[in-house]
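Asks: This one is run-v5.txt, compact mmCIF, C-alpha atoms.
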# COMPACT_ATOMS: atom_id res chain seq x y z
CA SER A 1 0.00 0.00 0.00
CA ILE A 2 2.80 2.44 0.85
CA ILE A 3 4.60 1.62 -2.40
CA LEU A 4 1.39 2.31 -4.31
CA GLU A 5 0.79 5.65 -2.60
CA ILE A 6 4.33 6.91 -3.17
CA SER A 7 4.57 5.61 -6.75
CA TYR A 8 1.32 7.30 -7.73
CA THR A 9 2.51 10.54 -6.12
CA ILE A 10 5.93 10.47 -7.80
CA LEU A 11 4.26 9.76 -11.13
CA SER A 12 2.25 12.97 -10.81
CA VAL A 13 5.51 14.86 -10.22
CA LEU A 14 7.00 13.17 -13.31
CA TYR A 15 4.09 14.35 -15.46
CA TRP A 16 4.68 17.93 -14.41
CA ILE A 17 8.46 17.71 -14.95
CA MET A 18 8.05 16.24 -18.44
CA VAL A 19 5.90 19.21 -19.49
CA ALA A 20 7.69 21.97 -17.57
CA TYR A 21 11.21 20.95 -18.58
CA SER A 22 10.41 19.30 -21.93
CA TRP A 23 11.66 15.89 -20.90
CA THR A 24 11.58 13.27 -23.60
CA GLU A 25 10.66 9.65 -23.07
CA ARG A 26 14.28 8.73 -23.75
CA LYS A 27 15.44 10.88 -20.85
CA THR A 28 13.04 9.17 -18.46
CA GLN A 29 14.69 5.85 -19.34
CA ARG A 30 17.98 6.87 -17.76
CA LEU A 31 19.10 4.66 -14.89
CA THR A 32 19.21 7.48 -12.33
CA ILE A 33 15.73 8.69 -13.27
CA ARG A 34 14.30 5.19 -13.23
CA PHE A 35 15.87 4.51 -9.84
CA PHE A 36 14.39 7.69 -8.38
CA PHE A 37 10.88 7.03 -9.63
CA LEU A 38 10.87 3.24 -9.24
CA GLY A 39 13.37 2.48 -6.49
CA LEU A 40 12.60 5.30 -4.06
CA PRO A 41 9.04 4.12 -3.26
CA ILE A 42 10.34 0.64 -2.44
CA ILE A 43 13.10 2.00 -0.19
CA ILE A 44 10.69 4.24 1.73
CA ALA A 45 8.09 1.49 2.07
CA VAL A 46 10.58 -1.10 3.33
CA GLY A 47 12.10 1.43 5.74
CA PHE A 48 8.67 2.22 7.15
CA ALA A 49 7.30 -1.32 7.30
CA THR A 50 10.29 -3.27 8.64
CA PRO A 51 10.39 -1.83 12.22
CA LEU A 52 6.68 -2.57 12.63
CA LEU A 53 7.33 -6.23 11.92
CA PHE A 54 9.74 -6.57 14.83
CA LEU A 55 7.46 -4.56 17.10
CA GLN A 56 4.62 -7.02 16.37
CA MET A 57 2.38 -4.24 15.13
CA TYR A 58 0.84 -6.19 12.26
CA ASN A 59 -2.36 -7.83 13.43
CA PHE A 60 -5.77 -8.63 11.98
CA SER A 61 -7.64 -5.40 11.33
CA GLY A 62 -11.09 -6.94 11.41
CA VAL A 63 -11.67 -6.16 7.71
CA TYR A 64 -9.79 -8.42 5.30
CA SER A 65 -6.06 -8.07 6.02
CA CYS A 66 -3.43 -7.29 8.64
CA SER A 67 -2.56 -3.70 9.46
CA ILE A 68 -1.25 -1.64 12.37
CA GLU A 69 -3.62 -2.84 15.08
CA GLU A 70 -3.62 -4.03 18.67
CA TYR A 71 -4.22 -7.69 19.41
CA PRO A 72 -6.86 -8.87 20.26
CA LEU A 73 -8.90 -6.58 18.04
CA ASN A 74 -10.32 -3.52 19.80
CA CYS A 75 -8.55 -4.38 23.04
CA ASP A 76 -7.65 -0.71 23.44
CA ILE A 77 -11.31 0.31 23.70
CA ASP A 78 -12.86 -2.85 25.19
CA PRO A 79 -12.27 -3.05 28.97
CA ASP A 80 -12.93 -6.80 28.94
CA LYS A 81 -9.95 -7.46 26.63
CA VAL A 82 -6.29 -7.34 27.54
CA CYS A 83 -3.90 -6.30 24.79
CA GLU A 84 -1.17 -8.85 24.15
CA ARG A 85 0.81 -6.99 21.49
CA GLY A 86 0.70 -4.00 19.20
CA THR A 87 0.24 -1.39 21.92
CA GLU A 88 3.70 0.19 21.69
CA GLY A 89 3.09 3.33 19.67
CA ALA A 90 0.32 1.91 17.48
CA LYS A 91 -1.53 5.22 17.45
CA GLN A 92 1.65 7.10 16.51
CA TRP A 93 2.36 4.75 13.62
CA GLN A 94 -1.24 5.03 12.39
CA LEU A 95 -1.00 8.80 12.63
CA ALA A 96 2.25 8.77 10.65
CA LEU A 97 0.63 6.63 7.94
CA THR A 98 -2.40 8.92 7.76
CA VAL A 99 -0.22 12.03 7.59
CA GLY A 100 1.85 10.38 4.85
CA VAL A 101 -1.26 9.76 2.76
CA LEU A 102 -2.38 13.36 3.28
CA VAL A 103 1.08 14.61 2.25
CA CYS A 104 0.87 12.51 -0.92
CA THR A 105 -2.56 14.00 -1.60
CA PHE A 106 -1.15 17.51 -1.23
CA ILE A 107 1.78 16.76 -3.57
CA ILE A 108 -0.59 15.36 -6.21
CA ILE A 109 -2.76 18.48 -6.04
CA VAL A 110 0.28 20.76 -6.38
CA SER A 111 1.80 18.72 -9.23
CA MET A 112 -1.45 18.58 -11.20
CA SER A 113 -2.03 22.31 -10.65
CA LEU A 114 1.46 23.14 -11.92
CA LEU A 115 0.92 20.84 -14.90
CA VAL A 116 -2.28 22.65 -15.89
CA LYS A 117 -0.58 26.01 -15.34
CA ASN A 118 2.32 25.06 -17.63
CA VAL A 119 0.02 23.91 -20.42
CA TYR A 120 -2.05 27.08 -20.07
CA SER A 121 1.09 29.24 -20.23
CA GLN A 122 2.25 27.51 -23.40
CA GLU A 123 -1.11 28.00 -25.10
CA ARG A 124 -1.22 31.60 -23.95
CA LYS A 125 2.15 32.29 -25.59
CA ASN A 126 0.67 31.22 -28.91
CA ASP A 127 -1.90 34.01 -28.68
CA ARG A 128 0.65 36.47 -30.07
CA TYR A 129 0.44 34.74 -33.44
CA LEU A 130 -3.32 35.15 -33.71
CA SER A 131 -4.81 37.73 -36.00
CA GLU A 132 -7.25 40.28 -34.67
CA GLY A 133 -10.62 38.70 -34.07
CA GLN A 134 -9.35 35.10 -34.01
CA LYS A 135 -10.58 32.95 -31.18
CA LYS A 136 -8.10 31.91 -28.52
CA HIS A 137 -7.63 28.16 -28.24
CA ARG A 138 -7.49 26.51 -24.84
CA GLU A 139 -8.29 22.94 -25.89
CA LEU A 140 -5.10 21.43 -24.42
CA THR A 141 -5.65 23.33 -21.17
CA HIS A 142 -9.19 21.98 -20.84
CA LYS A 143 -8.12 18.42 -21.65
CA THR A 144 -5.22 18.61 -19.19
CA LEU A 145 -7.45 20.06 -16.50
CA TRP A 146 -10.01 17.26 -16.76
CA GLN A 147 -7.28 14.64 -16.86
CA ALA A 148 -5.72 16.16 -13.73
CA ILE A 149 -9.11 16.08 -11.98
CA ARG A 150 -9.57 12.43 -12.90
CA TYR A 151 -6.05 11.62 -11.74
CA PHE A 152 -6.71 13.24 -8.35
CA LEU A 153 -10.17 11.71 -7.91
CA VAL A 154 -8.78 8.22 -8.49
CA TYR A 155 -6.36 8.71 -5.60
CA PHE A 156 -8.84 10.49 -3.33
CA ILE A 157 -11.77 8.10 -3.79
CA SER A 158 -9.53 5.07 -3.33
CA ASN A 159 -8.14 6.44 -0.06
CA LEU A 160 -11.28 8.09 1.32
CA PRO A 161 -12.32 4.96 3.30
CA LEU A 162 -8.75 4.82 4.65
CA TYR A 163 -9.06 8.37 5.96
CA VAL A 164 -12.30 7.51 7.73
CA HIS A 165 -10.98 4.21 9.07
CA CYS A 166 -7.81 5.79 10.45
CA GLY A 167 -9.90 8.60 11.94
CA PHE A 168 -11.94 6.11 13.98
CA ASP A 169 -8.76 4.32 15.07
CA LEU A 170 -7.04 7.51 16.18
CA ALA A 171 -10.16 8.51 18.11
CA SER A 172 -10.21 5.08 19.81
CA VAL A 173 -13.68 4.40 18.42
CA SER A 174 -14.72 1.10 16.90
CA THR A 175 -15.05 1.36 13.12
CA PRO A 176 -18.71 1.00 12.00
CA VAL A 177 -19.54 -2.06 9.94
CA GLY A 178 -20.60 0.05 6.96
CA THR A 179 -17.29 1.90 6.94
CA ALA A 180 -15.38 -1.36 7.20
CA ILE A 181 -17.30 -2.82 4.24
CA LEU A 182 -16.70 0.35 2.21
CA TYR A 183 -13.00 0.22 3.08
CA ALA A 184 -12.75 -3.44 2.07
CA THR A 185 -14.59 -2.79 -1.20
CA VAL A 186 -13.09 0.47 -2.46
CA SER A 187 -9.44 0.19 -1.40
CA PRO A 188 -8.58 -2.87 -3.56
CA MET A 189 -10.19 -1.18 -6.60
CA PHE A 190 -7.44 1.41 -6.97
CA GLY A 191 -6.27 -0.21 -10.20
CA VAL A 192 -9.80 -0.26 -11.63
CA PHE A 193 -10.28 3.45 -10.96
CA ASN A 194 -6.82 4.14 -12.31
CA SER A 195 -7.64 2.43 -15.60
CA PHE A 196 -10.49 4.87 -16.20
CA ALA A 197 -8.12 7.81 -15.73
CA TYR A 198 -5.59 6.40 -18.20
CA PHE A 199 -7.90 4.96 -20.87
CA ARG A 200 -10.31 7.89 -20.98
CA PRO A 201 -7.98 10.20 -22.99
CA ARG A 202 -7.19 7.40 -25.44
CA TYR A 203 -10.90 6.71 -25.85
CA LEU A 204 -11.70 10.38 -26.52
CA SER A 205 -8.86 10.61 -29.03
CA TYR A 206 -10.04 7.51 -30.89
CA ARG A 207 -13.64 8.70 -30.73
CA GLU A 208 -12.67 12.06 -32.21
CA LYS A 209 -10.75 10.37 -35.01
CA TYR A 210 -13.57 7.93 -35.82
CA PRO A 211 -16.84 9.65 -34.84
CA GLU A 212 -18.91 7.20 -36.89
CA LYS A 213 -17.82 4.25 -34.75
CA SER A 214 -19.92 3.01 -31.85
CA CYS A 215 -18.88 3.40 -28.21
CA ILE A 216 -18.39 -0.35 -27.86
CA HIS A 217 -16.15 -0.41 -30.91
CA CYS A 218 -14.02 2.48 -29.59
CA TYR A 219 -13.64 0.92 -26.16
CA SER A 220 -12.71 -2.44 -27.66
CA LYS A 221 -9.98 -0.81 -29.75
CA VAL A 222 -8.62 1.23 -26.83
CA LEU A 223 -8.62 -1.75 -24.48
CA GLU A 224 -7.39 -4.05 -27.27
CA ILE A 225 -10.26 -6.46 -26.73
CA ASP A 226 -11.58 -8.50 -29.66
CA LEU A 227 -15.37 -8.45 -29.35
CA GLY A 228 -16.02 -9.93 -32.79
CA CYS A 229 -19.42 -8.99 -34.19
CA TRP A 230 -20.42 -7.14 -31.01
CA CYS A 231 -18.30 -4.11 -31.93
CA ILE A 232 -19.60 -3.80 -35.51
CA THR A 233 -21.61 -0.67 -36.15
CA SER A 234 -24.51 -0.31 -38.53
CA ASP A 235 -22.18 1.36 -41.03
CA GLU A 236 -19.79 -1.58 -40.93
CA SER A 237 -22.45 -4.30 -41.29
CA VAL A 238 -23.15 -3.49 -44.96
CA PRO A 239 -20.74 -3.11 -47.90
CA PRO A 240 -19.87 0.48 -48.86
CA ASN A 241 -21.71 2.06 -51.74
CA VAL A 242 -19.72 1.37 -54.90
CA ASN A 243 -20.89 4.59 -56.49
CA GLN A 244 -19.08 6.48 -53.70
CA VAL A 245 -15.86 4.57 -54.35
CA ILE A 246 -15.78 4.53 -58.16
CA GLU A 247 -15.98 7.79 -60.02
CA ASP A 248 -17.71 8.18 -63.38
CA SER A 249 -14.39 8.64 -65.13
CA ASP A 250 -13.27 5.22 -63.93
CA LEU A 251 -16.11 3.56 -65.85
CA ASN A 252 -14.32 4.29 -69.10
CA SER A 253 -11.27 2.30 -68.08
CA PRO A 254 -10.57 -1.11 -69.73
CA LEU A 255 -11.63 -2.80 -66.51
CA PHE A 256 -15.28 -1.97 -67.20
CA GLN A 257 -15.31 -2.19 -71.00
CA GLU A 258 -15.71 -5.94 -71.33
CA GLU A 259 -19.48 -5.51 -71.49
CA SER A 260 -19.86 -2.16 -73.18
CA SER A 261 -23.65 -2.44 -73.40
CA ASN A 262 -24.22 -2.17 -69.67
CA HIS A 263 -20.90 -1.06 -68.26
CA GLN A 264 -22.53 0.92 -65.44
CA ASP A 265 -24.45 -2.15 -64.25
CA THR A 266 -21.24 -4.13 -64.36
CA ALA A 267 -19.54 -1.55 -62.18
CA VAL A 268 -22.34 -1.69 -59.63
What would the structure in this file look like if it were written as structure tokens?
Replies:
Amino acid sequence: SIILEISYTILSVLYWIMVAYSWTERKTQRLTIRFFFLGLPIIIAVGFATPLLFLQMYNFSGVYSCSIEEYPLNCDIDPDKVCERGTEGAKQWQLALTVGVLVCTFIIIVSMSLLVKNVYSQERKNDRYLSEGQKKHRELTHKTLWQAIRYFLVYFISNLPLYVHCGFDLASVSTPVGTAILYATVSPMFGVFNSFAYFRPRYLSYREKYPEKSCIHCYSKVLEIDLGCWCITSDESVPPNVNQVIEDSDLNSPLFQEESSNHQDTAV
């Protein structure tokens, strides 16, 4: 989970750097850059998680996995239970984890805001080349803004149950069943939400290029899924009109002169 949070945050910073400093894809493949964006999350996560293992902080959280909890569950708020392990600084570790997630949220907001600002500045510079009366174009700014919003919402919605769950833990209040179910349902779907953020621009681009195609066809092409006949539109189910393909001048070619009496019927 920590690796995922940090990787997603660093990726938002990378997006901004690529636009602000005109980084090419080749530059991002350098070993030092790859280590920073791929190795740093692992180092931070291992450094944070390893001490908790020796302190016996990982215990069943009552949802679906182990997390930083006391054992037995809710022994810190139930007077009839005696805590056996996990009491040494559990609240402090949970607070540190929650603060870390909030810091990642803040970095993502800042990075996406700077990204939109950079794209807007670049489009604004092009205004000097417009003639008087020409409309200013902000298409890239609008597309970047909506993509940034989707990118942030994926992270926020996926971690919203975590915020609530950690809030109950820090307040020494038992987590409601509904919140626990929401946490167990939404948190593992981070990748599903993330796919919508990444595939949406590709879908819009393909849809703009082929407006006559159906939505199912466009999604199947973007996701590279072979749906067979299910993705065929009404335009694709019938052969194209030959009269739209063959011009009248082509009918005089030797190809259509074998039956000179009805050469137009032959063409059709």
Asks: Counting only C-alpha atoms, find residues at most 12 Å from (0.9, 5.1, -2.4) (file frame) and give them as a PDB file with C-alpha atoms, keeping the file's coordinate frame.
Replies:
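Written out: result_18.pdb:
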ATOM      1  CA  SER A   1       0.000   0.000   0.000  1.00  0.00           C
ATOM      2  CA  ILE A   2       2.800   2.440   0.850  1.00  0.00           C
ATOM      3  CA  ILE A   3       4.600   1.620  -2.400  1.00  0.00           C
ATOM      4  CA  LEU A   4       1.390   2.310  -4.310  1.00  0.00           C
ATOM      5  CA  GLU A   5       0.790   5.650  -2.600  1.00  0.00           C
ATOM      6  CA  ILE A   6       4.330   6.910  -3.170  1.00  0.00           C
ATOM      7  CA  SER A   7       4.570   5.610  -6.750  1.00  0.00           C
ATOM      8  CA  TYR A   8       1.320   7.300  -7.730  1.00  0.00           C
ATOM      9  CA  THR A   9       2.510  10.540  -6.120  1.00  0.00           C
ATOM     10  CA  ILE A  10       5.930  10.470  -7.800  1.00  0.00           C
ATOM     11  CA  LEU A  11       4.260   9.760 -11.130  1.00  0.00           C
ATOM     12  CA  SER A  12       2.250  12.970 -10.810  1.00  0.00           C
ATOM     13  CA  LEU A  40      12.600   5.300  -4.060  1.00  0.00           C
ATOM     14  CA  PRO A  41       9.040   4.120  -3.260  1.00  0.00           C
ATOM     15  CA  ILE A  42      10.340   0.640  -2.440  1.00  0.00           C
ATOM     16  CA  ILE A  44      10.690   4.240   1.730  1.00  0.00           C
ATOM     17  CA  ALA A  45       8.090   1.490   2.070  1.00  0.00           C
ATOM     18  CA  LEU A  97       0.630   6.630   7.940  1.00  0.00           C
ATOM     19  CA  THR A  98      -2.400   8.920   7.760  1.00  0.00           C
ATOM     20  CA  GLY A 100       1.850  10.380   4.850  1.00  0.00           C
ATOM     21  CA  VAL A 101      -1.260   9.760   2.760  1.00  0.00           C
ATOM     22  CA  LEU A 102      -2.380  13.360   3.280  1.00  0.00           C
ATOM     23  CA  VAL A 103       1.080  14.610   2.250  1.00  0.00           C
ATOM     24  CA  CYS A 104       0.870  12.510  -0.920  1.00  0.00           C
ATOM     25  CA  THR A 105      -2.560  14.000  -1.600  1.00  0.00           C
ATOM     26  CA  ILE A 107       1.780  16.760  -3.570  1.00  0.00           C
ATOM     27  CA  ILE A 108      -0.590  15.360  -6.210  1.00  0.00           C
ATOM     28  CA  VAL A 154      -8.780   8.220  -8.490  1.00  0.00           C
ATOM     29  CA  TYR A 155      -6.360   8.710  -5.600  1.00  0.00           C
ATOM     30  CA  PHE A 156      -8.840  10.490  -3.330  1.00  0.00           C
ATOM     31  CA  SER A 158      -9.530   5.070  -3.330  1.00  0.00           C
ATOM     32  CA  ASN A 159      -8.140   6.440  -0.060  1.00  0.00           C
ATOM     33  CA  LEU A 162      -8.750   4.820   4.650  1.00  0.00           C
ATOM     34  CA  SER A 187      -9.440   0.190  -1.400  1.00  0.00           C
ATOM     35  CA  PHE A 190      -7.440   1.410  -6.970  1.00  0.00           C
ATOM     36  CA  GLY A 191      -6.270  -0.210 -10.200  1.00  0.00           C
TER      37      GLY A 191
END
Asks: Between atom CA of A:Phe196 and atom CA of A:Leu38, what is the spacing in Å?
Replies: 22.5 Å
Asks: Around the point (-5.2, 16.1, -10.2), in the coordinates given by the file, pick out the residues reaching within 8 Å, counting only C-alpha atoms, and return them as a list in words.
Replies: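 Output: Ile108, Ile109, Ser111, Met112, Ser113, Leu145, Gln147, Ala148, Ile149, Arg150, Tyr151, Phe152 and Leu153 of chain A.
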Asks: How many Å lie between atom CA of A:Cys66 and atom CA of A:Val164, rounded to one decimal?
Replies: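 Interatomic distance here is 17.3 Å.
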Asks: Go ahead and compute the interatomic distance for atom CA of A:Ser220 and atom CA of A:Glu139, in Å to one decimal.
Replies: 25.8 Å
Asks: Considering only C-alpha atoms, give me a table of residues in stretch 33-129 of chain A that are at most 12 Å from stretch 165-169 of chain A, with the closest atom pair and distance in Å for each, as a Markdown table.
Replies:
| residue | atom | partner | partner_atom | distance |
| --- | --- | --- | --- | --- |
| A:Ser61 | CA | A:His165 | CA | 10.4 |
| A:Gly62 | CA | A:His165 | CA | 11.4 |
| A:Val63 | CA | A:His165 | CA | 10.5 |
| A:Ser67 | CA | A:Cys166 | CA | 10.9 |
| A:Ile68 | CA | A:Asp169 | CA | 10.0 |
| A:Glu69 | CA | A:Asp169 | CA | 8.8 |
| A:Glu70 | CA | A:Asp169 | CA | 10.4 |
| A:Leu73 | CA | A:Asp169 | CA | 11.3 |
| A:Asn74 | CA | A:Asp169 | CA | 9.3 |
| A:Cys75 | CA | A:Asp169 | CA | 11.8 |
| A:Asp76 | CA | A:Asp169 | CA | 9.8 |
| A:Ile77 | CA | A:Asp169 | CA | 9.9 |
| A:Ala90 | CA | A:Asp169 | CA | 9.7 |
| A:Lys91 | CA | A:Asp169 | CA | 7.7 |
| A:Gln92 | CA | A:Asp169 | CA | 10.9 |
| A:Trp93 | CA | A:Cys166 | CA | 10.7 |
| A:Gln94 | CA | A:Cys166 | CA | 6.9 |
| A:Leu95 | CA | A:Cys166 | CA | 7.8 |
| A:Ala96 | CA | A:Cys166 | CA | 10.5 |
| A:Leu97 | CA | A:Cys166 | CA | 8.8 |
| A:Thr98 | CA | A:Cys166 | CA | 6.8 |
| A:Val99 | CA | A:Cys166 | CA | 10.2 |
| A:Val101 | CA | A:Cys166 | CA | 10.9 |
| A:Leu102 | CA | A:Cys166 | CA | 11.8 |
Asks: Can you pull out the residues contacting A:Cys218? Cut-off 9 Å, using all atoms listed in the file, and skip same-chain residues under 6 positions away; I want them as a PyMOL selection string.
Replies: chain A and resi 203-204+206-207+210+231
Asks: Just checking: using all atoms listed in the file, which residue out of A:Arg202, A:Val46, A:Met57, A:Phe193 ends up closest to A:Cys83?
Replies: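 Checking each candidate against A:Cys83, we get A:Met57 as the closest.
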Asks: Pick out the closest residue to A:Asn118 from this set: A:Tyr58, A:Thr141, A:Ser131, A:Ile157. Count only C-alpha atoms.
Replies: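 That would be A:Thr141, the residue with the smallest distance to A:Asn118.
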Asks: Point out the residue among A:Thr50, A:Ser22, A:Gln134, A:Asn194 with the least atom-to-atom distance to A:Leu115, counting only C-alpha atoms.
Replies: A:Ser22
Asks: Given the choices A:Leu182, A:Ala197, A:Ala171, A:Val192, which gets closest to A:Trp146 if the distance is worked out from all atoms listed in the file?
Replies: A:Ala197
